[in-house]
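Have a look at upload-v5.txt; it's compact mmCIF, C-alpha atoms:
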# COMPACT_ATOMS: atom_id res chain seq x y z
CA MET Y 1 90.06 191.43 154.56
CA ASN Y 2 89.23 195.05 153.74
CA SER Y 3 90.10 197.11 156.83
CA THR Y 4 86.98 199.31 156.60
CA ILE Y 5 84.79 196.20 156.60
CA ALA Y 6 86.82 194.74 159.48
CA ILE Y 7 86.28 197.90 161.56
CA MET Y 8 82.59 197.85 160.68
CA ILE Y 9 82.25 194.21 161.78
CA LEU Y 10 84.09 194.99 165.01
CA GLY Y 11 81.83 197.97 165.70
CA MET Y 12 78.72 195.95 164.95
CA ALA Y 13 79.97 193.18 167.23
CA VAL Y 14 80.48 195.59 170.14
CA VAL Y 15 77.13 197.38 169.86
CA THR Y 16 75.34 194.03 169.51
CA TYR Y 17 77.08 192.38 172.45
CA LEU Y 18 76.71 195.25 174.94
CA PRO Y 19 72.88 195.32 175.12
CA ARG Y 20 72.88 191.51 175.37
CA MET Y 21 75.44 191.39 178.17
CA LEU Y 22 74.83 194.48 180.34
CA PRO Y 23 71.57 193.36 182.01
CA PHE Y 24 73.31 190.28 183.44
CA VAL Y 25 76.00 192.50 184.94
CA LEU Y 26 73.84 195.46 185.99
CA PHE Y 27 70.86 193.67 187.51
CA LYS Y 28 71.31 191.08 190.19
CA GLY Y 29 67.79 189.85 189.55
CA LYS Y 30 65.11 188.59 191.96
CA GLU Y 31 65.42 191.82 193.98
CA LEU Y 32 63.35 194.01 191.73
CA PRO Y 33 59.91 195.22 192.92
CA PRO Y 34 57.09 192.75 192.15
CA PHE Y 35 55.55 195.09 189.60
CA VAL Y 36 58.78 195.27 187.59
CA GLN Y 37 59.22 191.49 187.89
CA GLY Y 38 55.67 191.14 186.55
CA ILE Y 39 56.54 193.28 183.54
CA LEU Y 40 59.69 191.28 182.88
CA LYS Y 41 57.70 188.03 182.99
CA ASN Y 42 55.34 189.50 180.40
CA ILE Y 43 58.12 190.45 178.01
CA PRO Y 44 58.64 187.06 176.30
CA PHE Y 45 55.01 186.84 175.16
CA ALA Y 46 54.80 190.49 174.15
CA THR Y 47 58.11 190.14 172.24
CA LEU Y 48 56.79 187.11 170.35
CA GLY Y 49 53.66 189.01 169.34
CA ALA Y 50 55.77 191.92 168.05
CA LEU Y 51 58.26 189.64 166.30
CA ILE Y 52 55.50 187.79 164.43
CA PHE Y 53 53.33 190.76 163.39
CA PRO Y 54 53.46 192.52 161.06
CA GLY Y 55 56.72 190.89 159.83
CA ILE Y 56 55.14 187.60 158.75
CA LEU Y 57 52.77 189.39 156.37
CA PHE Y 58 55.64 190.78 154.33
CA ILE Y 59 57.91 187.75 153.83
CA GLN Y 60 56.93 187.75 150.15
CA GLU Y 61 55.30 190.38 147.98
CA ASP Y 62 52.11 188.30 147.93
CA ILE Y 63 50.55 189.08 151.33
CA LEU Y 64 48.45 185.88 151.12
CA TYR Y 65 51.70 183.98 151.32
CA GLY Y 66 52.40 185.22 154.84
CA ILE Y 67 48.77 184.79 155.91
CA ILE Y 68 48.70 181.16 154.73
CA GLY Y 69 52.05 180.50 156.40
CA ALA Y 70 50.81 182.01 159.65
CA ALA Y 71 47.53 180.10 159.53
CA ALA Y 72 49.33 176.82 158.85
CA ALA Y 73 51.75 177.40 161.73
CA ILE Y 74 48.97 178.35 164.15
CA ILE Y 75 46.83 175.33 163.26
CA ILE Y 76 49.75 172.91 163.52
CA ALA Y 77 50.86 174.48 166.82
CA PHE Y 78 47.32 174.18 168.22
CA THR Y 79 47.39 170.42 167.76
CA GLY Y 80 50.22 170.45 170.30
CA ALA Y 81 52.93 169.58 167.79
CA ASN Y 82 56.61 170.11 168.52
CA VAL Y 83 58.15 173.42 167.32
CA ILE Y 84 60.23 171.62 164.68
CA VAL Y 85 57.04 170.07 163.26
CA VAL Y 86 55.43 173.54 163.17
CA VAL Y 87 58.41 174.96 161.25
CA LEU Y 88 58.64 172.11 158.73
CA GLY Y 89 54.84 171.95 158.36
CA ALA Y 90 54.57 175.66 157.53
CA ILE Y 91 57.40 175.33 154.98
CA ALA Y 92 55.65 172.31 153.41
CA VAL Y 93 52.28 174.08 153.17
CA LEU Y 94 53.87 177.12 151.51
CA SER Y 95 55.87 174.95 149.10
CA VAL Y 96 52.59 173.37 147.98
CA TYR Y 97 50.95 176.80 147.75
CA SER Y 98 53.70 178.35 145.61
CA TYR Y 99 53.86 175.21 143.47
CA PHE Y 100 50.21 175.65 142.48
CA MET Y 101 50.28 179.45 142.45
CA PRO Y 102 53.30 180.44 140.40
CA PHE Y 103 53.53 184.22 140.37
CA MET M 104 77.74 165.27 195.08
CA ALA M 105 80.19 166.56 192.50
CA ILE M 106 79.08 163.81 190.15
CA THR M 107 75.40 164.74 190.41
CA ILE M 108 76.16 168.37 189.62
CA THR M 109 78.13 167.39 186.54
CA GLU M 110 75.30 165.08 185.47
CA LYS M 111 72.80 167.90 185.92
CA GLN M 112 74.92 170.21 183.77
CA THR M 113 75.27 167.59 181.07
CA SER M 114 71.53 166.94 180.94
CA ASP M 115 70.77 170.68 180.88
CA PHE M 116 73.24 171.09 178.04
CA ARG M 117 71.68 168.17 176.19
CA GLN M 118 68.16 169.54 176.73
CA GLY M 119 69.41 172.88 175.39
CA ILE M 120 70.78 171.23 172.27
CA GLN M 121 67.41 169.56 171.68
CA SER M 122 65.56 172.88 172.00
CA GLY M 123 68.15 174.53 169.79
CA VAL M 124 67.53 172.20 166.85
CA SER M 125 64.37 174.03 165.79
CA ILE M 126 66.34 177.29 165.77
CA ALA M 127 69.09 175.67 163.70
CA ILE M 128 66.45 174.61 161.15
CA GLY M 129 64.97 178.11 161.18
CA TYR M 130 68.39 179.72 160.68
CA PHE M 131 69.20 177.51 157.71
CA PRO M 132 67.31 179.54 155.06
CA ILE M 133 68.03 182.92 156.69
CA ALA M 134 71.77 182.25 156.91
CA LEU M 135 71.91 180.85 153.37
CA THR M 136 70.20 183.95 152.04
CA TYR M 137 72.50 186.18 154.08
CA GLY M 138 75.54 184.44 152.60
CA LEU M 139 74.14 184.80 149.12
CA LEU M 140 73.33 188.50 149.61
CA ALA M 141 76.76 189.16 151.12
CA LYS M 142 78.35 187.74 147.99
CA THR M 143 76.12 189.94 145.81
CA THR M 144 77.07 192.94 147.96
CA GLY M 145 80.71 192.24 147.19
CA LEU M 146 81.97 190.97 150.55
CA THR M 147 84.62 188.27 150.56
CA MET M 148 83.93 184.82 151.99
CA ALA M 149 86.09 185.67 155.03
CA GLU M 150 84.18 188.91 155.69
CA THR M 151 80.82 187.18 155.27
CA VAL M 152 81.63 184.44 157.75
CA ALA M 153 83.46 186.81 160.12
CA MET M 154 80.34 188.93 160.45
CA SER M 155 78.28 185.87 161.36
CA ILE M 156 80.96 184.74 163.84
CA PHE M 157 81.38 188.07 165.63
CA VAL M 158 77.99 189.75 165.32
CA PHE M 159 75.49 186.85 165.29
CA ALA M 160 72.44 189.05 164.64
CA GLY M 161 70.41 188.16 161.58
CA ALA M 162 68.38 191.31 161.03
CA ALA M 163 71.33 193.62 161.66
CA GLN M 164 73.55 191.69 159.27
CA TYR M 165 70.92 191.93 156.53
CA VAL M 166 70.49 195.64 157.10
CA SER M 167 74.24 196.25 157.05
CA LEU M 168 74.40 194.64 153.61
CA SER M 169 71.70 196.84 152.14
CA LEU M 170 73.31 199.91 153.73
CA LEU M 171 76.70 198.94 152.28
CA THR M 172 75.07 198.63 148.87
CA SER M 173 73.58 202.10 149.17
CA GLY M 174 77.00 203.49 150.09
CA THR M 175 76.26 204.30 153.74
CA GLY M 176 79.26 205.03 155.98
CA ILE M 177 80.34 202.53 158.60
CA PHE M 178 79.46 204.83 161.50
CA GLU M 179 75.81 204.93 160.40
CA ILE M 180 75.84 201.19 159.87
CA VAL M 181 77.15 200.58 163.39
CA LEU M 182 74.60 203.04 164.82
CA THR M 183 71.76 201.35 162.93
CA THR M 184 72.95 197.99 164.24
CA PHE M 185 72.82 199.37 167.77
CA ILE M 186 69.28 200.71 167.36
CA LEU M 187 68.15 197.45 165.79
CA ASN M 188 69.64 195.34 168.58
CA ILE M 189 68.71 197.47 171.58
CA ARG M 190 65.72 195.12 171.98
CA HIS M 191 68.09 192.46 173.24
CA PHE M 192 68.67 194.62 176.32
CA LEU M 193 65.05 193.97 177.20
CA MET M 194 65.35 190.27 176.45
CA SER M 195 68.52 189.82 178.51
CA THR M 196 66.87 191.67 181.42
CA ALA M 197 63.90 189.30 181.27
CA LEU M 198 66.16 186.27 180.88
CA ASN M 199 68.28 187.36 183.83
CA GLU M 200 65.17 187.11 186.04
CA LYS M 201 64.59 183.55 184.92
CA SER M 202 68.21 182.41 185.06
CA THR M 203 69.75 180.23 187.76
CA ASP M 204 72.61 181.62 189.86
CA ASP M 205 75.56 180.93 187.61
CA ARG M 206 78.98 182.58 187.63
CA LEU M 207 78.91 186.00 186.02
CA TRP M 208 81.47 185.05 183.38
CA LYS M 209 79.25 182.16 182.29
CA LYS M 210 76.30 184.51 181.91
CA ALA M 211 78.44 187.10 180.12
CA GLY M 212 79.47 184.26 177.80
CA TYR M 213 76.01 183.08 176.87
CA ALA M 214 74.80 186.70 176.66
CA PHE M 215 76.67 186.79 173.32
CA GLY M 216 74.16 184.26 172.00
CA VAL M 217 70.97 186.03 173.09
CA THR M 218 69.04 186.44 169.84
CA ASP M 219 65.29 186.77 169.23
CA GLU M 220 65.20 183.03 168.67
CA THR M 221 67.39 181.71 171.50
CA PHE M 222 65.64 184.14 173.87
CA SER M 223 62.18 182.99 172.76
CA VAL M 224 63.06 179.34 173.25
CA ALA M 225 64.64 179.91 176.68
CA ALA M 226 61.98 182.32 177.92
CA THR M 227 59.03 180.07 177.05
CA LYS M 228 60.70 177.03 178.66
CA ASP M 229 59.19 175.73 181.92
CA GLY M 230 61.11 176.55 185.09
CA THR M 231 64.47 178.25 185.36
CA VAL M 232 67.19 178.65 182.75
CA SER M 233 70.68 177.41 183.60
CA ALA M 234 73.96 178.29 181.92
CA GLY M 235 74.29 174.69 180.69
CA TYR M 236 70.91 174.92 178.98
CA MET M 237 71.77 178.26 177.35
CA TYR M 238 75.10 176.97 176.08
CA GLY M 239 73.27 173.98 174.61
CA VAL M 240 70.69 176.11 172.80
CA ILE M 241 73.29 178.58 171.57
CA SER M 242 75.93 176.11 170.40
CA VAL M 243 73.50 174.47 167.94
CA SER M 244 71.97 177.77 166.77
CA TYR M 245 75.32 179.54 166.43
CA SER M 246 76.91 176.67 164.49
CA SER M 247 73.96 176.61 162.12
CA TRP M 248 74.17 180.38 161.63
CA VAL M 249 77.91 180.45 160.93
CA VAL M 250 78.13 177.31 158.81
CA PHE M 251 75.12 178.13 156.63
CA SER M 252 76.29 181.73 156.13
CA GLY M 253 79.42 180.28 154.54
CA LEU M 254 77.52 177.66 152.54
CA GLY M 255 75.07 180.33 151.37
CA TYR M 256 78.00 182.36 150.08
CA LEU M 257 79.27 179.33 148.15
CA PHE M 258 76.08 177.59 147.00
CA GLY M 259 73.10 179.85 147.85
CA ALA M 260 72.37 180.71 144.26
CA SER M 261 71.79 177.08 143.28
CA LEU M 262 68.82 176.41 145.62
CA PRO M 263 65.40 176.09 143.95
CA LYS M 264 63.50 179.37 144.13
CA THR M 265 60.27 177.80 145.44
CA LEU M 266 62.13 176.32 148.38
CA GLN M 267 64.02 179.56 149.08
CA GLU M 268 60.70 181.38 149.21
CA SER M 269 58.83 178.92 151.37
CA MET M 270 61.69 178.73 153.84
CA SER M 271 61.36 182.45 154.52
CA VAL M 272 58.49 181.54 156.86
CA ALA M 273 60.71 179.34 159.06
CA LEU M 274 61.57 181.73 161.88
CA TYR M 275 58.04 183.12 162.07
CA ALA M 276 56.63 179.61 162.23
CA MET M 277 59.03 178.93 165.07
CA PHE M 278 57.85 182.02 166.98
CA ILE M 279 54.25 180.85 166.50
CA GLY M 280 55.18 177.35 167.61
CA LEU M 281 56.65 178.79 170.81
CA LEU M 282 53.79 181.21 171.49
CA VAL M 283 50.69 179.09 170.86
CA PRO M 284 51.21 176.51 173.65
CA SER M 285 51.44 179.35 176.23
CA MET M 286 48.36 181.03 174.74
CA LYS M 287 46.22 177.96 175.28
CA GLY M 288 46.30 178.19 179.06
CA SER M 289 46.27 181.94 179.58
CA MET M 290 44.19 184.92 178.49
CA LYS M 291 47.00 187.13 179.77
CA VAL M 292 49.43 185.68 177.21
CA ILE M 293 46.88 186.24 174.44
CA TYR M 294 46.43 189.89 175.45
CA LEU M 295 50.21 190.42 175.71
CA ALA M 296 50.96 189.01 172.28
CA ALA M 297 47.96 190.59 170.53
CA LEU M 298 48.55 194.02 172.01
CA ALA M 299 52.27 194.01 171.16
CA ALA M 300 51.44 192.81 167.64
CA CYS M 301 48.96 195.70 167.20
CA PHE M 302 51.36 198.34 168.53
CA ASN M 303 54.22 197.03 166.41
CA SER M 304 52.03 196.96 163.29
CA ILE M 305 50.93 200.55 163.91
CA PHE M 306 54.49 201.77 164.54
CA THR M 307 56.10 200.05 161.56
CA ILE M 308 53.35 200.39 158.95
CA SER M 309 52.82 204.10 159.74
CA GLY M 310 56.59 204.57 159.61
CA MET M 311 56.46 206.24 163.03
CA LEU M 312 59.40 204.26 164.39
CA LYS M 313 62.31 202.29 162.94
CA THR M 314 62.01 198.50 163.29
CA GLY M 315 64.39 198.28 166.24
CA TRP M 316 62.61 200.91 168.30
CA ALA M 317 59.18 199.73 167.17
CA ILE M 318 59.70 196.25 168.64
CA VAL M 319 61.13 197.63 171.89
CA THR M 320 58.33 200.19 172.32
CA ALA M 321 55.54 197.77 171.36
CA THR M 322 56.87 195.09 173.72
CA LEU M 323 57.29 197.47 176.66
CA LEU M 324 53.91 199.17 176.16
CA SER M 325 52.11 195.84 175.99
CA ALA M 326 53.97 194.34 178.97
CA ILE M 327 53.34 197.42 181.13
CA LEU M 328 49.70 197.93 180.14
CA VAL M 329 48.72 194.31 180.76
CA GLU M 330 50.57 194.35 184.09
CA LEU M 331 48.80 197.59 185.10
CA VAL M 332 45.41 196.07 184.31
CA GLU M 333 46.26 193.04 186.42
CA TYR M 334 47.51 195.28 189.23
CA PHE M 335 44.28 197.26 189.38
CA LYS M 336 42.05 194.23 188.88
CA LYS M 337 43.57 192.35 191.79
CA GLY M 338 44.00 195.40 193.99
CA LYS M 339 47.17 196.22 195.87
CA GLU M 340 46.67 193.47 198.47
CA GLY M 341 46.09 190.61 196.09
CA TYR M 342 48.89 191.63 193.73
CA GLY M 343 52.15 189.73 193.82
CA HIS M 344 50.85 186.85 195.94
CA GLU M 345 50.43 184.17 193.36
Show me the file's structure as C-alpha cells.
Amino acid sequence: MNSTIAIMILGMAVVTYLPRMLPFVLFKGKELPPFVQGILKNIPFATLGALIFPGILFIQEDILYGIIGAAAAIIIAFTGANVIVVVLGAIAVLSVYSYFMPF
Amino acid sequence: MAITITEKQTSDFRQGIQSGVSIAIGYFPIALTYGLLAKTTGLTMAETVAMSIFVFAGAAQYVSLSLLTSGTGIFEIVLTTFILNIRHFLMSTALNEKSTDDRLWKKAGYAFGVTDETFSVAATKDGTVSAGYMYGVISVSYSSWVVFSGLGYLFGASLPKTLQESMSVALYAMFIGLLVPSMKGSMKVIYLAALAACFNSIFTISGMLKTGWAIVTATLLSAILVELVEYFKKGKEGYGHE
C-alpha cells in the first residue's frame, strides 16, 4: 500500500470517528435542559429532510429522474410499506422509467 | 435473571440486524460505485477496501476520490472529510439522548458505525436504543459496505447501466421510507423536515455553504426554530410537561 494513501486513510478515519464518538463521552445525556432535549429530539426528522433535499433531485442529470424516484418512494411509504419495500419499489419504478426513456 | 438479560440482548441484536437489512440493500449500489470509482482513480484493491474498513463514510470516501483525481494534498482531503462528517457530531448527540445506559466502551464502539443511514434507522425507531440493537444494525450495514466496495472494485464495471442508474435512488428512498411514517402522525415532523429541506436547498444551491456545513446548519436551524415556536405556543408553564 502506498504510504501517502495509508496516511490519508488513517487521517480520514480519525476525523470521521471523533465527531461520532465524542458526544457519547462528553454528554452524559438525560441531564440537559428540556429545551435542549427538545431540539435533540427534533434532529432526526430535520436531518432526514436535509439529507433528502436537494440531493435526490441531482442523482442523475435528468432532474425528472429524481422527482419520479422521490414521488414513487413517498407514495409507497404512505401505504405503510416496509422500508425495504420502499427502496426496492423506487428502484423498480426508475428502472421502468429509464427503460422507456433512454437518454 | 442473567439469562433474561442475555435473551434481551440477543433479541435486540436480532431486531437491529432486521432493521439493518434495508441499509445493506441501500449501500449495495453506493459501495459498488465507490469500488469502481476507486479503481478508476488508481487505488489498489487493498487501499479501496481499507478505506471502507477504517473510514466507513460514503460521502467522504467519494469526495476523497475526486480530490485525489484533481491532485489535492492529503491534508486538504482529511480536512474536507472532517467538515463533511461534522454532522455526525449532531447525530451522535441526538442518539446519546435516546440510548440506554450501556457501558461507555460499548457506546464508543458503536459510535464508529454512526452514519446518516444507521442514525436515521435508530433515531426513528420506537423507544430507546440499546447497544445490542446498534451493533445489530451496524454489523449488517458495515459488512455490506466493506464487501460491496471490494466487489465493486472487481466487478463494478460489468453491471448494466440502467440498473446502476436506478439504484442511485436507493439511499434516498430509504430516508423517505423512514421519514414518511413519522410524518403521518405529526405536523411537527412535517415542519421539521420541510424547513430543513428548504434551508439545505438554499445553502447548497446558492453555494453559500459546503455540503457538510449546509446539512449541519440546516438541521440545527430547523430543529431550533420549530422548538422555539413550540416553546412560545405552549408558554413556559406548559412546555416540557408532555
Closest atom pairs, residues of region 220-283 of chain M within 10 Å of region 50-57 of chain Y, all atoms listed in the file, as a tab-separated table:
residue	atom	partner	partner_atom	distance
M:Glu220	CA	Y:Leu51	CA	9.9
M:Ser271	CA	Y:Ile56	CA	9.1
M:Val272	CA	Y:Ile56	CA	7.2
M:Ala273	CA	Y:Ile56	CA	10.0
M:Leu274	CA	Y:Ile52	CA	8.9
M:Tyr275	CA	Y:Ile52	CA	5.8
M:Ala276	CA	Y:Ile52	CA	8.5
M:Met277	CA	Y:Ile52	CA	9.6
M:Phe278	CA	Y:Ile52	CA	6.7
M:Ile279	CA	Y:Ile52	CA	7.3
M:Leu282	CA	Y:Ile52	CA	9.8
Write out as JSON lines a residue-level contact list of chain M versus chain Y with cut-off 6 Å: for each qualifying residue the closest pair of atoms and the distance in Å to one decimal, counting all atoms listed in the file, rows sorted by chain and residue number upward.
{"residue": "M:Ser125", "atom": "CA", "partner": "Y:Ile84", "partner_atom": "CA", "distance": 4.9}
{"residue": "M:Met154", "atom": "CA", "partner": "Y:Ile9", "partner_atom": "CA", "distance": 5.8}
{"residue": "M:Phe157", "atom": "CA", "partner": "Y:Ala13", "partner_atom": "CA", "distance": 5.5}
{"residue": "M:Val158", "atom": "CA", "partner": "Y:Ala13", "partner_atom": "CA", "distance": 4.4}
{"residue": "M:Ile177", "atom": "CA", "partner": "Y:Met8", "partner_atom": "CA", "distance": 5.6}
{"residue": "M:Val181", "atom": "CA", "partner": "Y:Met12", "partner_atom": "CA", "distance": 5.1}
{"residue": "M:Phe185", "atom": "CA", "partner": "Y:Val15", "partner_atom": "CA", "distance": 5.2}
{"residue": "M:Asn188", "atom": "CA", "partner": "Y:Thr16", "partner_atom": "CA", "distance": 5.9}
{"residue": "M:Ile189", "atom": "CA", "partner": "Y:Pro19", "partner_atom": "CA", "distance": 5.9}
{"residue": "M:His191", "atom": "CA", "partner": "Y:Arg20", "partner_atom": "CA", "distance": 5.3}
{"residue": "M:Phe192", "atom": "CA", "partner": "Y:Pro19", "partner_atom": "CA", "distance": 4.4}
{"residue": "M:Ser195", "atom": "CA", "partner": "Y:Arg20", "partner_atom": "CA", "distance": 5.6}
{"residue": "M:Thr196", "atom": "CA", "partner": "Y:Pro23", "partner_atom": "CA", "distance": 5.0}
{"residue": "M:Ala197", "atom": "CA", "partner": "Y:Leu40", "partner_atom": "CA", "distance": 4.9}
{"residue": "M:Asn199", "atom": "CA", "partner": "Y:Phe24", "partner_atom": "CA", "distance": 5.8}
{"residue": "M:Glu200", "atom": "CA", "partner": "Y:Gly29", "partner_atom": "CA", "distance": 5.2}
{"residue": "M:Ala211", "atom": "CA", "partner": "Y:Met21", "partner_atom": "CA", "distance": 5.6}
{"residue": "M:Ala214", "atom": "CA", "partner": "Y:Met21", "partner_atom": "CA", "distance": 5.0}
{"residue": "M:Phe215", "atom": "CA", "partner": "Y:Tyr17", "partner_atom": "CA", "distance": 5.7}
{"residue": "M:Ser269", "atom": "CA", "partner": "Y:Leu94", "partner_atom": "CA", "distance": 5.3}
{"residue": "M:Met270", "atom": "CA", "partner": "Y:Ile91", "partner_atom": "CA", "distance": 5.6}
{"residue": "M:Ala273", "atom": "CA", "partner": "Y:Val87", "partner_atom": "CA", "distance": 5.4}
{"residue": "M:Tyr275", "atom": "CA", "partner": "Y:Ile52", "partner_atom": "CA", "distance": 5.8}
{"residue": "M:Ala276", "atom": "CA", "partner": "Y:Val87", "partner_atom": "CA", "distance": 5.1}
{"residue": "M:Met277", "atom": "CA", "partner": "Y:Val87", "partner_atom": "CA", "distance": 5.5}
{"residue": "M:Gly280", "atom": "CA", "partner": "Y:Val83", "partner_atom": "CA", "distance": 4.9}
{"residue": "M:Leu295", "atom": "CA", "partner": "Y:Ala46", "partner_atom": "CA", "distance": 4.8}
{"residue": "M:Ala296", "atom": "CA", "partner": "Y:Gly49", "partner_atom": "CA", "distance": 4.0}
{"residue": "M:Ala299", "atom": "CA", "partner": "Y:Ala50", "partner_atom": "CA", "distance": 5.1}
{"residue": "M:Ala300", "atom": "CA", "partner": "Y:Ala50", "partner_atom": "CA", "distance": 4.4}
{"residue": "M:Asn303", "atom": "CA", "partner": "Y:Ala50", "partner_atom": "CA", "distance": 5.6}
{"residue": "M:Ser304", "atom": "CA", "partner": "Y:Pro54", "partner_atom": "CA", "distance": 5.2}
{"residue": "M:Ile318", "atom": "CA", "partner": "Y:Ala50", "partner_atom": "CA", "distance": 5.9}
{"residue": "M:Thr322", "atom": "CA", "partner": "Y:Ala46", "partner_atom": "CA", "distance": 5.1}
{"residue": "M:Ala326", "atom": "CA", "partner": "Y:Asn42", "partner_atom": "CA", "distance": 5.2}
{"residue": "M:Ile327", "atom": "CA", "partner": "Y:Ile39", "partner_atom": "CA", "distance": 5.8}
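Distance check against Leu323 (chain M) using only C-alpha atoms: of M:Thr143, M:Gly288, M:Met194, M:Ser173, the minimum falls on M:Met194.
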Quiz item: Quick one: distance from CA of Val240 (chain M) to CA of Arg117 (chain M) in Å, one decimal?
Solution: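 We find that CA of Val240 (chain M) and CA of Arg117 (chain M) lie 8.7 Å from each other.
CA of Phe116 (chain M) to CA of Tyr213 (chain M) spans 12.4 Å [interatomic distance, one decimal].
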Quiz item: Can you tell me how far CA of Ile133 (chain M) sits from CA of Phe178 (chain M), in Å to one decimal?
Solution: 25.2 Å
Self-check item: M:Met237, M:Cys301, M:Val232, M:Val124 ranked by distance to Thr218 (chain M), top pick (using only C-alpha atoms)
Solution: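 For Thr218 (chain M), the nearest of the given residues is M:Met237.
Among M:Ile186, M:Ala153, M:Ala234, M:Gln164, the residue with the shortest atom-to-atom distance to Leu198 (chain M), counting all atoms listed in the file, is M:Ala234.
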